[in-house]
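The data block below is run-v5.cif; it holds mmCIF, C-alpha atoms.
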```cif
data_my_file
#
loop_
_atom_site.label_atom_id
_atom_site.label_comp_id
_atom_site.auth_asym_id
_atom_site.auth_seq_id
_atom_site.Cartn_x
_atom_site.Cartn_y
_atom_site.Cartn_z
CA MET A 25 34.24 -4.35 -5.18
CA THR A 26 31.04 -3.25 -3.45
CA THR A 27 32.89 -2.42 -0.23
CA ASP A 28 35.54 -0.39 -2.08
CA THR A 29 32.86 1.60 -3.89
CA ALA A 30 31.04 2.35 -0.61
CA ASN A 31 34.31 3.53 1.01
CA VAL A 32 34.96 5.90 -1.89
CA LEU A 33 31.52 7.46 -1.63
CA VAL A 34 31.80 8.12 2.10
CA GLY A 35 35.38 9.40 1.91
CA GLU A 36 36.63 12.95 2.32
CA GLY A 37 36.51 13.54 -1.42
CA TRP A 38 32.74 13.33 -1.27
CA ARG A 39 32.22 15.78 1.62
CA ASP A 40 32.48 19.55 2.03
CA GLY A 41 32.39 22.15 4.77
CA LEU A 42 28.82 23.22 4.04
CA GLU A 43 27.36 19.85 5.09
CA ALA A 44 29.60 19.76 8.18
CA GLY A 45 28.47 23.25 9.20
CA VAL A 46 24.80 22.45 8.73
CA ARG A 47 25.09 19.24 10.76
CA LYS A 48 26.83 21.13 13.59
CA ARG A 49 24.04 23.69 13.69
CA ILE A 50 21.41 20.95 13.68
CA ARG A 51 23.12 19.22 16.59
CA GLY A 52 23.15 22.46 18.59
CA PHE A 53 19.48 23.07 17.79
CA ILE A 54 18.47 19.56 18.94
CA GLU A 55 20.41 19.94 22.20
CA GLU A 56 18.77 23.33 22.77
CA LEU A 57 15.30 21.79 22.32
CA LEU A 58 16.10 19.05 24.83
CA ASP A 59 17.45 21.56 27.36
CA GLU A 60 14.33 23.72 27.03
CA GLU A 61 12.13 20.67 27.55
CA LEU A 62 13.98 19.80 30.77
CA THR A 63 13.80 23.40 31.98
CA ALA A 64 10.01 23.35 31.54
CA ALA A 65 9.77 20.02 33.39
CA LEU A 66 11.84 21.29 36.34
CA GLY A 67 10.08 24.64 36.39
CA ARG A 68 13.30 26.60 36.60
CA ALA A 69 16.17 27.67 34.41
CA ARG A 70 19.69 26.33 34.79
CA TYR A 71 21.41 27.40 38.06
CA ALA A 72 18.16 28.74 39.58
CA ARG A 73 17.44 27.26 43.02
CA GLY A 74 13.66 27.38 43.12
CA ARG A 75 10.70 26.72 40.86
CA ASP A 76 9.60 29.71 38.78
CA GLU A 77 5.82 30.01 38.56
CA ARG A 78 6.20 32.32 35.60
CA LEU A 79 7.79 29.57 33.49
CA PRO A 80 5.19 28.19 31.07
CA LEU A 81 4.59 24.46 30.84
CA ASP A 82 4.61 24.33 27.03
CA GLY A 83 8.39 24.08 26.70
CA SER A 84 9.15 27.79 26.14
CA VAL A 85 11.57 29.33 28.66
CA THR A 86 12.21 32.84 29.94
CA SER A 87 15.75 34.06 30.63
CA GLU A 88 17.69 32.81 33.62
CA SER A 89 17.61 36.26 35.25
CA ASP A 90 13.81 35.98 35.53
CA ALA A 91 14.05 32.87 37.72
CA CYS A 92 12.69 33.34 41.23
CA GLU A 93 12.54 31.05 44.21
CA VAL A 94 8.81 30.84 44.90
CA LEU A 95 8.16 27.07 44.82
CA PRO A 96 10.24 24.05 45.81
CA ALA A 97 12.20 22.35 43.01
CA ALA A 98 10.57 19.41 41.13
CA GLY A 99 13.95 17.74 40.73
CA HIS A 100 17.52 18.44 39.84
CA ARG A 101 19.78 18.19 36.82
CA ASN A 102 22.18 15.29 36.71
CA GLY A 103 24.69 15.86 33.92
CA HIS A 104 24.47 14.69 30.29
CA ARG A 105 24.84 11.53 28.26
CA ASP A 106 25.57 11.03 24.58
CA ARG A 107 22.91 9.54 22.30
CA GLN A 108 23.20 8.39 18.71
CA LEU A 109 20.50 9.86 16.47
CA MET A 110 19.83 9.46 12.77
CA GLY A 111 17.42 11.56 10.75
CA THR A 112 17.12 13.06 7.31
CA PHE A 113 19.96 15.33 8.41
CA GLY A 114 22.23 12.29 8.73
CA ALA A 115 23.72 10.39 11.67
CA MET A 116 25.13 12.32 14.64
CA THR A 117 25.84 12.19 18.37
CA VAL A 118 23.85 14.59 20.60
CA SER A 119 24.34 15.43 24.27
CA VAL A 120 21.10 14.73 26.15
CA PRO A 121 20.57 16.38 29.58
CA ARG A 122 19.77 14.12 32.53
CA ALA A 123 17.72 14.86 35.64
CA ARG A 124 16.10 13.26 38.67
CA MET A 125 12.45 14.19 39.11
CA VAL A 126 10.80 14.31 42.57
CA ALA A 127 7.23 12.98 42.81
CA ALA A 128 4.56 14.18 45.28
CA ASP A 129 5.35 11.26 47.60
CA GLY A 130 9.04 12.22 47.69
CA LYS A 131 10.24 9.39 45.41
CA THR A 132 12.65 10.21 42.60
CA SER A 133 12.80 8.89 39.07
CA GLU A 134 14.86 9.45 35.95
CA TRP A 135 13.56 12.16 33.62
CA HIS A 136 12.71 10.99 30.10
CA SER A 137 12.48 13.34 27.16
CA GLN A 138 9.32 13.33 25.06
CA THR A 139 11.15 14.99 22.18
CA LEU A 140 13.70 12.18 22.03
CA PRO A 141 12.09 9.12 23.67
CA ALA A 142 14.24 6.44 25.26
CA TYR A 143 15.84 3.94 22.86
CA ARG A 144 14.87 5.91 19.76
CA ARG A 145 17.79 6.19 17.40
CA ARG A 146 15.96 7.24 14.24
CA THR A 147 13.40 9.93 13.52
CA LYS A 148 10.07 8.94 11.99
CA GLU A 149 11.03 10.77 8.82
CA ILE A 150 14.09 8.59 8.30
CA ASP A 151 11.98 5.47 8.86
CA ALA A 152 9.71 6.75 6.08
CA VAL A 153 12.75 7.24 3.79
CA ILE A 154 13.96 3.69 4.48
CA ALA A 155 10.50 2.17 3.96
CA GLY A 156 9.99 4.19 0.77
CA SER A 157 13.32 3.00 -0.64
CA TYR A 158 12.32 -0.58 0.10
CA LEU A 159 8.92 -0.17 -1.54
CA ALA A 160 10.49 1.42 -4.61
CA GLY A 161 11.89 -1.98 -5.56
CA THR A 162 15.06 -2.48 -3.54
CA ASN A 163 15.66 -5.46 -1.26
CA THR A 164 16.76 -5.07 2.36
CA ARG A 165 20.49 -5.38 1.66
CA ARG A 166 20.50 -2.94 -1.22
CA VAL A 167 18.60 -0.26 0.71
CA GLY A 168 21.48 -0.10 3.19
CA ARG A 169 24.02 0.16 0.39
CA ALA A 170 22.04 2.84 -1.42
CA LEU A 171 21.74 5.00 1.71
CA ALA A 172 25.25 4.34 3.03
CA ALA A 173 26.75 7.57 1.68
CA LEU A 174 23.95 9.74 3.11
CA PHE A 175 23.82 8.11 6.53
CA ARG A 176 27.45 7.00 6.82
CA GLY A 177 26.71 3.30 6.84
CA SER A 178 24.12 3.48 9.65
CA VAL A 179 21.42 1.61 7.72
CA SER A 180 21.80 -2.18 7.75
CA LYS A 181 19.49 -4.82 6.31
CA ASP A 182 18.30 -5.53 9.87
CA THR A 183 17.40 -1.87 10.28
CA VAL A 184 15.36 -2.02 7.08
CA SER A 185 13.58 -5.15 8.31
CA ARG A 186 12.73 -3.52 11.65
CA VAL A 187 11.37 -0.42 9.94
CA TRP A 188 9.28 -2.60 7.64
CA ARG A 189 7.81 -4.47 10.62
CA LYS A 190 6.66 -1.15 12.09
CA ILE A 191 4.28 -0.81 9.14
CA LYS A 192 2.46 -3.93 10.32
CA GLY A 193 0.39 -1.90 12.81
CA ASP A 194 -1.01 0.27 10.01
CA TRP A 195 -1.60 -2.85 7.91
CA GLU A 196 -3.63 -4.53 10.67
CA ALA A 197 -5.68 -1.37 11.24
CA TRP A 198 -6.42 -1.19 7.51
CA ASN A 199 -7.61 -4.80 7.49
CA ALA A 200 -10.02 -4.09 10.36
CA ARG A 201 -11.38 -0.72 9.17
CA ASP A 202 -15.12 -0.07 8.95
CA LEU A 203 -16.58 -0.16 5.43
CA SER A 204 -20.18 0.80 6.22
CA SER A 205 -19.70 4.27 4.74
CA ALA A 206 -17.98 2.96 1.60
CA GLU A 207 -20.57 3.19 -1.20
CA MET A 208 -19.12 1.04 -3.98
CA VAL A 209 -20.88 0.86 -7.34
CA ARG A 210 -18.45 -1.72 -8.72
CA LEU A 211 -16.12 -4.42 -7.54
CA ILE A 212 -13.17 -5.65 -9.60
CA LEU A 213 -11.82 -8.97 -8.35
CA ASP A 214 -8.81 -11.01 -9.42
CA GLY A 215 -6.00 -13.09 -7.98
CA THR A 216 -2.28 -13.28 -8.60
CA VAL A 217 0.26 -15.99 -7.78
CA VAL A 218 3.45 -15.19 -5.87
CA ARG A 219 6.28 -17.29 -4.47
CA VAL A 220 6.80 -17.25 -0.71
CA ARG A 221 8.83 -19.26 1.75
CA ILE A 222 6.83 -21.72 3.89
CA ASP A 223 8.70 -24.17 6.12
CA ARG A 224 11.93 -23.08 4.42
CA LYS A 225 10.64 -24.10 1.00
CA ALA A 226 9.53 -21.87 -1.87
CA THR A 227 5.78 -22.29 -2.35
CA SER A 228 3.26 -20.64 -4.69
CA ILE A 229 0.28 -18.93 -3.05
CA SER A 230 -2.55 -16.76 -4.34
CA LEU A 231 -3.14 -13.17 -3.35
CA LEU A 232 -6.85 -12.39 -3.76
CA VAL A 233 -7.40 -8.72 -4.53
CA VAL A 234 -10.65 -6.73 -4.37
CA LEU A 235 -10.76 -3.28 -5.91
CA GLY A 236 -13.80 -1.05 -5.43
CA VAL A 237 -15.09 1.85 -7.51
CA ARG A 238 -16.95 4.64 -5.70
CA ALA A 239 -19.83 6.61 -7.17
CA ASP A 240 -17.40 9.43 -7.99
CA GLY A 241 -15.33 7.02 -10.10
CA GLN A 242 -12.37 6.74 -7.72
CA LYS A 243 -10.84 3.28 -7.41
CA VAL A 244 -10.15 2.06 -3.87
CA LEU A 245 -8.28 -1.04 -2.69
CA LEU A 246 -10.69 -2.91 -0.41
CA ALA A 247 -8.86 -6.15 0.34
CA VAL A 248 -5.77 -8.17 -0.43
CA ARG A 249 -5.61 -11.55 1.25
CA ASN A 250 -3.09 -14.36 1.31
CA MET A 251 -4.95 -17.58 0.39
CA GLY A 252 -3.89 -21.00 -0.80
CA GLY A 253 -5.76 -20.70 -4.10
CA GLU A 254 -8.76 -19.17 -5.87
CA SER A 255 -11.39 -21.67 -4.78
CA GLU A 256 -14.98 -20.76 -3.95
CA ALA A 257 -14.24 -21.12 -0.23
CA ALA A 258 -11.21 -18.82 -0.45
CA TRP A 259 -13.10 -16.07 -2.29
CA ARG A 260 -16.13 -16.45 -0.03
CA ALA A 261 -13.92 -15.93 3.03
CA VAL A 262 -12.61 -12.67 1.56
CA LEU A 263 -16.09 -11.44 0.60
CA ASP A 264 -17.64 -12.43 3.94
CA ASP A 265 -15.01 -10.41 5.77
CA LEU A 266 -15.82 -7.33 3.66
CA VAL A 267 -19.56 -7.73 4.27
CA LYS A 268 -18.96 -8.24 7.99
CA ARG A 269 -17.20 -4.88 8.08
CA GLY A 270 -20.11 -3.14 6.37
CA LEU A 271 -19.59 -3.43 2.60
CA LYS A 272 -22.89 -3.21 0.72
CA GLN A 273 -23.81 -4.99 -2.51
CA PRO A 274 -22.45 -3.14 -5.58
CA GLU A 275 -24.21 -2.73 -8.91
CA LEU A 276 -21.63 -4.65 -10.92
CA ALA A 277 -18.73 -7.07 -10.38
CA ILE A 278 -15.97 -7.46 -12.97
CA VAL A 279 -14.23 -10.86 -12.83
CA ASP A 280 -11.73 -12.93 -14.80
CA GLY A 281 -14.02 -15.94 -15.24
CA ALA A 282 -12.57 -18.16 -12.50
CA PRO A 283 -15.39 -20.56 -11.49
CA GLY A 284 -14.61 -20.33 -7.77
CA LEU A 285 -15.02 -16.55 -7.78
CA GLU A 286 -18.27 -16.61 -9.75
CA LYS A 287 -19.77 -19.21 -7.40
CA ALA A 288 -18.75 -17.20 -4.35
CA LEU A 289 -20.36 -14.04 -5.74
CA SER A 290 -23.60 -15.76 -6.76
CA SER A 291 -23.94 -17.45 -3.37
CA LEU A 292 -23.50 -14.13 -1.58
CA TRP A 293 -25.45 -11.82 -3.95
CA SER A 294 -27.75 -13.85 -6.20
CA ASP A 295 -28.95 -10.84 -8.24
CA LEU A 296 -25.56 -9.21 -8.77
CA LEU A 297 -24.65 -8.26 -12.34
CA VAL A 298 -21.33 -9.77 -13.44
CA GLN A 299 -19.02 -8.79 -16.30
CA ARG A 300 -16.53 -11.38 -17.52
CA CYS A 301 -13.17 -9.93 -18.56
CA THR A 302 -12.98 -9.85 -22.37
CA VAL A 303 -9.18 -10.09 -22.35
CA HIS A 304 -9.25 -13.33 -20.37
CA LYS A 305 -11.94 -14.72 -22.68
CA LEU A 306 -9.88 -13.87 -25.79
CA ARG A 307 -6.98 -15.87 -24.35
CA ASN A 308 -9.34 -18.82 -23.87
CA LEU A 309 -10.63 -18.56 -27.44
CA ILE A 310 -7.10 -18.53 -28.87
CA ALA A 311 -6.20 -21.53 -26.72
CA HIS A 312 -9.10 -23.46 -28.31
CA ALA A 313 -8.07 -22.65 -31.89
CA PRO A 314 -5.24 -23.99 -34.06
CA LYS A 315 -2.20 -21.74 -33.91
CA ARG A 316 -2.55 -20.64 -37.54
CA LEU A 317 -6.05 -19.28 -36.80
CA ALA A 318 -5.10 -17.32 -33.67
CA GLU A 319 -4.82 -13.96 -35.44
CA GLU A 320 -8.15 -14.44 -37.20
CA VAL A 321 -9.89 -15.32 -33.94
CA ALA A 322 -8.40 -12.25 -32.26
CA SER A 323 -9.45 -9.99 -35.15
CA ASP A 324 -13.05 -11.25 -35.19
CA PHE A 325 -13.29 -11.02 -31.42
CA SER A 326 -12.00 -7.42 -31.40
CA ASP A 327 -14.47 -6.40 -34.12
CA MET A 328 -17.27 -7.81 -31.97
CA VAL A 329 -16.25 -6.49 -28.55
CA TYR A 330 -15.14 -3.04 -29.74
CA ALA A 331 -18.17 -2.35 -31.91
CA ALA A 332 -19.65 1.15 -31.60
CA SER A 333 -23.09 0.22 -30.22
CA ALA A 334 -24.87 -2.52 -28.33
CA LYS A 335 -26.81 -3.52 -31.47
CA GLU A 336 -23.60 -3.88 -33.47
CA VAL A 337 -22.05 -5.97 -30.69
CA ALA A 338 -25.08 -8.29 -30.71
CA ALA A 339 -25.04 -8.61 -34.50
CA ARG A 340 -21.32 -9.39 -34.67
CA ARG A 341 -21.71 -11.83 -31.80
CA LYS A 342 -24.19 -13.86 -33.84
CA SER A 343 -21.90 -13.71 -36.85
CA PHE A 344 -18.90 -14.81 -34.77
CA ILE A 345 -20.72 -17.86 -33.41
CA ARG A 346 -22.08 -18.80 -36.85
CA LYS A 347 -18.66 -18.54 -38.53
CA TRP A 348 -16.61 -20.33 -35.89
CA ARG A 349 -19.16 -23.08 -35.29
CA LEU A 350 -18.34 -24.20 -38.83
CA LYS A 351 -14.62 -23.34 -38.85
CA CYS A 352 -13.62 -24.42 -35.32
CA ARG A 353 -16.48 -25.43 -33.07
CA ALA A 354 -14.39 -25.30 -29.89
CA VAL A 355 -13.98 -21.53 -30.32
CA ALA A 356 -17.72 -20.97 -30.72
CA ASP A 357 -18.48 -23.20 -27.72
CA SER A 358 -15.99 -21.27 -25.59
CA LEU A 359 -17.66 -17.97 -26.45
CA GLU A 360 -21.14 -19.34 -25.75
CA GLU A 361 -19.91 -20.70 -22.40
CA ALA A 362 -19.44 -17.13 -21.14
CA GLY A 363 -23.06 -16.32 -21.95
CA GLU A 364 -24.46 -12.85 -21.29
CA GLN A 365 -21.85 -12.13 -18.64
CA LEU A 366 -19.31 -11.38 -21.36
CA PHE A 367 -21.54 -8.62 -22.74
CA THR A 368 -22.90 -7.01 -19.58
CA PHE A 369 -20.89 -3.90 -20.46
CA THR A 370 -23.32 -3.18 -23.34
CA ARG A 371 -25.99 -2.30 -20.76
CA LEU A 372 -23.83 0.58 -19.53
CA PRO A 373 -23.39 3.99 -21.17
CA PRO A 374 -20.74 3.70 -23.95
CA SER A 375 -18.42 6.04 -22.02
CA GLN A 376 -18.03 3.30 -19.38
CA TRP A 377 -17.35 0.40 -21.74
CA LYS A 378 -13.58 0.77 -21.69
CA SER A 379 -13.32 0.47 -17.90
CA ALA A 380 -16.05 -2.19 -17.55
CA ARG A 381 -14.94 -4.69 -20.21
CA THR A 382 -11.81 -5.94 -18.44
CA THR A 383 -10.07 -6.43 -15.11
CA ASN A 384 -7.17 -4.28 -16.36
CA ALA A 385 -7.39 -2.03 -13.29
CA ILE A 386 -6.20 -4.92 -11.12
CA GLU A 387 -3.84 -6.33 -13.75
CA ARG A 388 -1.97 -3.02 -13.59
CA LEU A 389 -1.50 -3.51 -9.85
CA HIS A 390 -0.34 -7.08 -10.39
CA GLU A 391 2.29 -5.96 -12.90
CA GLU A 392 3.66 -3.27 -10.61
CA PHE A 393 3.72 -5.70 -7.68
CA LYS A 394 5.60 -8.32 -9.73
CA ARG A 395 8.07 -5.67 -10.87
CA ARG A 396 8.61 -4.69 -7.24
CA ILE A 397 9.37 -8.22 -6.01
CA LYS A 398 11.78 -9.13 -8.81
CA THR A 399 14.71 -8.25 -6.56
CA GLN A 400 13.59 -10.78 -3.93
CA THR A 401 12.30 -13.68 -6.04
CA VAL A 402 10.85 -15.43 -2.98
CA LEU A 403 9.15 -13.41 -0.24
CA PRO A 404 9.68 -14.45 3.39
CA ALA A 405 5.99 -15.17 4.13
CA GLY A 406 2.50 -15.00 2.66
CA GLU A 407 1.46 -12.23 5.02
CA THR A 408 4.48 -10.21 3.95
CA ALA A 409 3.40 -10.52 0.31
CA ALA A 410 -0.11 -9.22 1.07
CA MET A 411 1.23 -6.39 3.23
CA LEU A 412 3.72 -5.37 0.55
CA PHE A 413 0.95 -5.25 -2.07
CA TRP A 414 -1.09 -2.94 0.18
CA ALA A 415 1.89 -0.78 1.14
CA LEU A 416 2.67 0.04 -2.49
CA LEU A 417 -0.64 1.91 -2.66
CA ALA A 418 -0.64 3.18 0.93
CA ALA A 419 2.80 4.75 0.44
CA GLY A 420 1.87 6.34 -2.88
CA GLN A 421 4.21 4.17 -4.97
CA ILE A 422 1.13 3.31 -7.06
CA ARG A 423 -1.70 5.79 -7.51
CA LEU A 424 -5.24 4.83 -8.44
CA ARG A 425 -7.10 7.18 -10.75
CA LYS A 426 -10.78 7.46 -11.55
CA VAL A 427 -12.31 5.02 -14.02
CA ASP A 428 -13.12 6.14 -17.56
CA GLY A 429 -16.68 7.39 -17.90
CA TRP A 430 -17.12 8.04 -14.18
CA ARG A 431 -19.48 10.97 -14.79
CA THR A 432 -22.18 8.55 -16.01
CA LEU A 433 -21.83 5.98 -13.22
CA GLY A 434 -25.18 6.91 -11.68
CA ARG A 435 -27.26 6.15 -14.79
CA GLU A 436 -29.72 3.26 -14.84
CA LEU A 437 -28.59 0.09 -16.64
CA ALA A 438 -30.22 -0.80 -19.96
CA GLN A 439 -31.88 -4.16 -20.54
CA PRO A 440 -29.86 -6.79 -22.45
CA LEU A 441 -30.59 -7.20 -26.15
CA ASP A 442 -32.46 -10.29 -27.27
CA LEU A 443 -30.24 -12.23 -29.66
CA ALA A 444 -33.21 -14.19 -30.98
CA ALA A 445 -34.85 -11.03 -32.27
#
```
Mind converting the file's structure to structure tokens?
Amino acid sequence: MTTDTANVLVGEGWRDGLEAGVRKRIRGFIEELLDEELTAALGRARYARGRDERLPLDGSVTSESDACEVLPAAGHRNGHRDRQLMGTFGAMTVSVPRARMVAADGKTSEWHSQTLPAYRRRTKEIDAVIAGSYLAGTNTRRVGRALAALFRGSVSKDTVSRVWRKIKGDWEAWNARDLSSAEMVRLILDGTVVRVRIDRKATSISLLVVLGVRADGQKVLLAVRNMGGESEAAWRAVLDDLVKRGLKQPELAIVDGAPGLEKALSSLWSDLLVQRCTVHKLRNLIAHAPKRLAEEVASDFSDMVYAASAKEVAARRKSFIRKWRLKCRAVADSLEEAGEQLFTFTRLPPSQWKSARTTNAIERLHEEFKRRIKTQTVLPAGETAAMLFWALLAAGQIRLRKVDGWRTLGRELAQPLDLAA
């Protein structure tokens, strides 16, 4: 069925003379560019016998009648050969001129076009189209099917894989970039689990993600690393790499409460302020309560965390602990376990509370990443998973906006309220 559908879409009923005329003109234009490039390299127009000193070396050519025999030839033309080329204009065959170039020592060599380098069959723009289609949520096989009508079946799953591998150079450069000029006021850190193939078996790994917030409020992806889990050693390796490349200590770190992450941060920056994610803590509280009390726990927790002022938050915090210590002690103990780190946001201006209370900025990235990999279920390797996560942002498939309350990011933090008062 799939093959029949593809044949229908590339048949004559789906083509018209306008496209054919445009493609013919494009082919002639490409061949003209290549011929002009060779003319500039030889220093003479077609059929002229000597090198013309008036011919510029930038690829532009005067008319053949202006050619004059003032310098010896730098080589000679040697016919044409057909080359297959695919671009955003579609797939076509172009006639490429050939020539033998003469060096200063008298040796000859084949002329190679810079406009159409040897072995290149696709333009960079078409590689970008293929990579963008893949990043939009289509697996390698489906990209070829989706683009078959436009490129007449010239895009295979192997082509998509090769284009994707070309992105690896940009990925490696991004991982090694200097961060000394990156002034981050916040770090948001979290991990997500993905399934990859290791030794031909599907295995779960953790992608550790670090998101930074600049002083102007703009969120920036700083790191995404493929690690075996979220242990202290794993997080410390990620953080050490960032520091090695110049990252300075931020004012605040927002975390999900994983013990390995908190230990890694405290061992690296002992005086760093930390905010525990309130959403993650609510899930913990509900897990400690009987199912029939889940809604009541959530309601009391929301009243406390979303209070209008720091004093109200502190007052409702005391009430929450007092009530649930009698009703379900495990809930109260779970809240007390988080300590002041759950309420660090109250030291910030109220305009920043929404963005500082949770790790939602990274959770949004996790959701989009999971949506993207649904078509593949199991990724071919851990490194591929990390690179794909980065590429979604690098290619603009996901855009990061400024955090709420960014205009007050430079204000000094308030001191925590004393609950005993």
Inset, instruction - Would you kindly identify which residues have an atom no farther than 8 Å from (-13.2, 0.9, -6.7), using only C-alpha atoms and the file's own coordinates, and write them out as a PyMOL selection string? - result: chain A and resi 208-212+235-238+241-246
Take the residues just selected and output them with C-alpha atoms as a PDB file, in the coordinates of the input.
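Final output, saved to selection29.pdb:
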```
ATOM      1  CA  MET A 208     -19.120   1.040  -3.980  1.00  0.00           C
ATOM      2  CA  VAL A 209     -20.880   0.860  -7.340  1.00  0.00           C
ATOM      3  CA  ARG A 210     -18.450  -1.720  -8.720  1.00  0.00           C
ATOM      4  CA  LEU A 211     -16.120  -4.420  -7.540  1.00  0.00           C
ATOM      5  CA  ILE A 212     -13.170  -5.650  -9.600  1.00  0.00           C
ATOM      6  CA  LEU A 235     -10.760  -3.280  -5.910  1.00  0.00           C
ATOM      7  CA  GLY A 236     -13.800  -1.050  -5.430  1.00  0.00           C
ATOM      8  CA  VAL A 237     -15.090   1.850  -7.510  1.00  0.00           C
ATOM      9  CA  ARG A 238     -16.950   4.640  -5.700  1.00  0.00           C
ATOM     10  CA  GLY A 241     -15.330   7.020 -10.100  1.00  0.00           C
ATOM     11  CA  GLN A 242     -12.370   6.740  -7.720  1.00  0.00           C
ATOM     12  CA  LYS A 243     -10.840   3.280  -7.410  1.00  0.00           C
ATOM     13  CA  VAL A 244     -10.150   2.060  -3.870  1.00  0.00           C
ATOM     14  CA  LEU A 245      -8.280  -1.040  -2.690  1.00  0.00           C
ATOM     15  CA  LEU A 246     -10.690  -2.910  -0.410  1.00  0.00           C
TER      16      LEU A 246
END
```
Residues within 12 Å of A:Met328, only C-alpha atoms, excluding chain neighbours under 2 positions, as a PDB file with C-alpha atoms, in the coordinates of the input:
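The resulting file, part.pdb, is shown below:
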```
ATOM      1  CA  THR A 302     -12.980  -9.850 -22.370  1.00  0.00           C
ATOM      2  CA  LEU A 306      -9.880 -13.870 -25.790  1.00  0.00           C
ATOM      3  CA  VAL A 321      -9.890 -15.320 -33.940  1.00  0.00           C
ATOM      4  CA  ALA A 322      -8.400 -12.250 -32.260  1.00  0.00           C
ATOM      5  CA  SER A 323      -9.450  -9.990 -35.150  1.00  0.00           C
ATOM      6  CA  ASP A 324     -13.050 -11.250 -35.190  1.00  0.00           C
ATOM      7  CA  PHE A 325     -13.290 -11.020 -31.420  1.00  0.00           C
ATOM      8  CA  SER A 326     -12.000  -7.420 -31.400  1.00  0.00           C
ATOM      9  CA  TYR A 330     -15.140  -3.040 -29.740  1.00  0.00           C
ATOM     10  CA  ALA A 331     -18.170  -2.350 -31.910  1.00  0.00           C
ATOM     11  CA  ALA A 332     -19.650   1.150 -31.600  1.00  0.00           C
ATOM     12  CA  SER A 333     -23.090   0.220 -30.220  1.00  0.00           C
ATOM     13  CA  ALA A 334     -24.870  -2.520 -28.330  1.00  0.00           C
ATOM     14  CA  LYS A 335     -26.810  -3.520 -31.470  1.00  0.00           C
ATOM     15  CA  GLU A 336     -23.600  -3.880 -33.470  1.00  0.00           C
ATOM     16  CA  VAL A 337     -22.050  -5.970 -30.690  1.00  0.00           C
ATOM     17  CA  ALA A 338     -25.080  -8.290 -30.710  1.00  0.00           C
ATOM     18  CA  ALA A 339     -25.040  -8.610 -34.500  1.00  0.00           C
ATOM     19  CA  ARG A 340     -21.320  -9.390 -34.670  1.00  0.00           C
ATOM     20  CA  ARG A 341     -21.710 -11.830 -31.800  1.00  0.00           C
ATOM     21  CA  LYS A 342     -24.190 -13.860 -33.840  1.00  0.00           C
ATOM     22  CA  SER A 343     -21.900 -13.710 -36.850  1.00  0.00           C
ATOM     23  CA  PHE A 344     -18.900 -14.810 -34.770  1.00  0.00           C
ATOM     24  CA  ILE A 345     -20.720 -17.860 -33.410  1.00  0.00           C
ATOM     25  CA  LEU A 359     -17.660 -17.970 -26.450  1.00  0.00           C
ATOM     26  CA  LEU A 366     -19.310 -11.380 -21.360  1.00  0.00           C
ATOM     27  CA  PHE A 367     -21.540  -8.620 -22.740  1.00  0.00           C
ATOM     28  CA  THR A 370     -23.320  -3.180 -23.340  1.00  0.00           C
TER      29      THR A 370
END
```
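The shortest atom-to-atom distance to A:Tyr143, with only C-alpha atoms taken into account, belongs to A:Arg107 out of A:Arg435, A:His390, A:Arg107, A:Arg316.
Put simply, the PyMOL selection byres ((chain A and resi 121) around 9) on this file hits Glu55, Leu58, Asp59, Leu62, Arg101, Asn102, Gly103, His104, Arg105, Asp106, Ser119, Val120, Arg122, Ala123 and Ser137 of chain A.
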Inset, instruction - Fewer than 2 positions away in the same chain doesn't count, so skip those; otherwise give me all residues within 9 Å of A:Thr383, counting all atoms listed in the file, as a list in words. - result: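 Here the answer would be Ile212, Leu213, Asp214, Ile278, Val279, Asp280, Arg300, Cys301, Thr302, Val303, His304, Ser379, Ala380, Arg381, Ala385, Ile386, Glu387 and Arg388 of chain A.
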Inset, instruction - Can you pull out every residue within 9 Å of stretch 217-221 of chain A, counting all atoms listed in the file, but drop anything in the same chain fewer than 5 positions away, and send it as a list in words? - result: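 Final neighbour list, sorted by chain and number: Ala226, Thr227, Ser228, Ile229, Ser230, Leu231, Leu232, Gly253, Lys394, Thr401, Val402, Leu403, Pro404, Ala405, Gly406, Thr408 and Ala409 of chain A.
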Inset, instruction - Please determine the residues with any atom at most 12 Å from (-8.2, -5.8, 9.8) (coordinates as given in the file, with all atoms listed in the file counting) and report them as a VMD selection string. - result: chain A and resid 192 to 203 246 to 249 262 265 to 266 268 to 269 411
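What the PyMOL selection byres ((chain A and resi 116) around 12) picks from this file is Ala44, Val46, Arg47, Lys48, Arg49, Ile50, Arg51, Gly52, Ile54, Glu55, Asp106, Arg107, Gln108, Leu109, Met110, Gly111, Thr112, Phe113, Gly114, Ala115, Thr117, Val118, Ser119, Arg145, Arg146, Leu174, Phe175, Arg176 and Ser178 of chain A.
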Please return the centre and edge lengths, in Å to one decimal, of a box with edges along x, y and z that contains all listed atoms of stretch 345-364 of chain A, widened by 4 Å on every side, as JSON.
```
{"center_x": -19.0, "center_y": -19.1, "center_z": -30.0, "size_x": 18.8, "size_y": 20.6, "size_z": 25.7}
```
Inset, instruction - Might you spell out which residues the PyMOL selection byres ((chain A and resi 125) around 9) would select in the displayed file, as a ChimeraX atom specification? - result: /A:65-66,98-101,123-124,126-127,131-135
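Across the structure, atom CA of A:Ala438 and atom CA of A:Thr368 are spaced 9.6 Å apart.
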Legend entry - Proximity to A:Ile191 - best of A:Trp414, A:Trp430, A:Trp293, A:Tyr71, all atoms listed in the file: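 That would be A:Trp414, the residue with the smallest distance to A:Ile191.
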Inset, instruction - For atom CA of A:Glu256 and atom CA of A:Gln273, determine how far apart the two atoms are, in Å to one decimal place. - result: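 Taking atom CA of A:Glu256 and atom CA of A:Gln273, their separation equals 18.1 Å.
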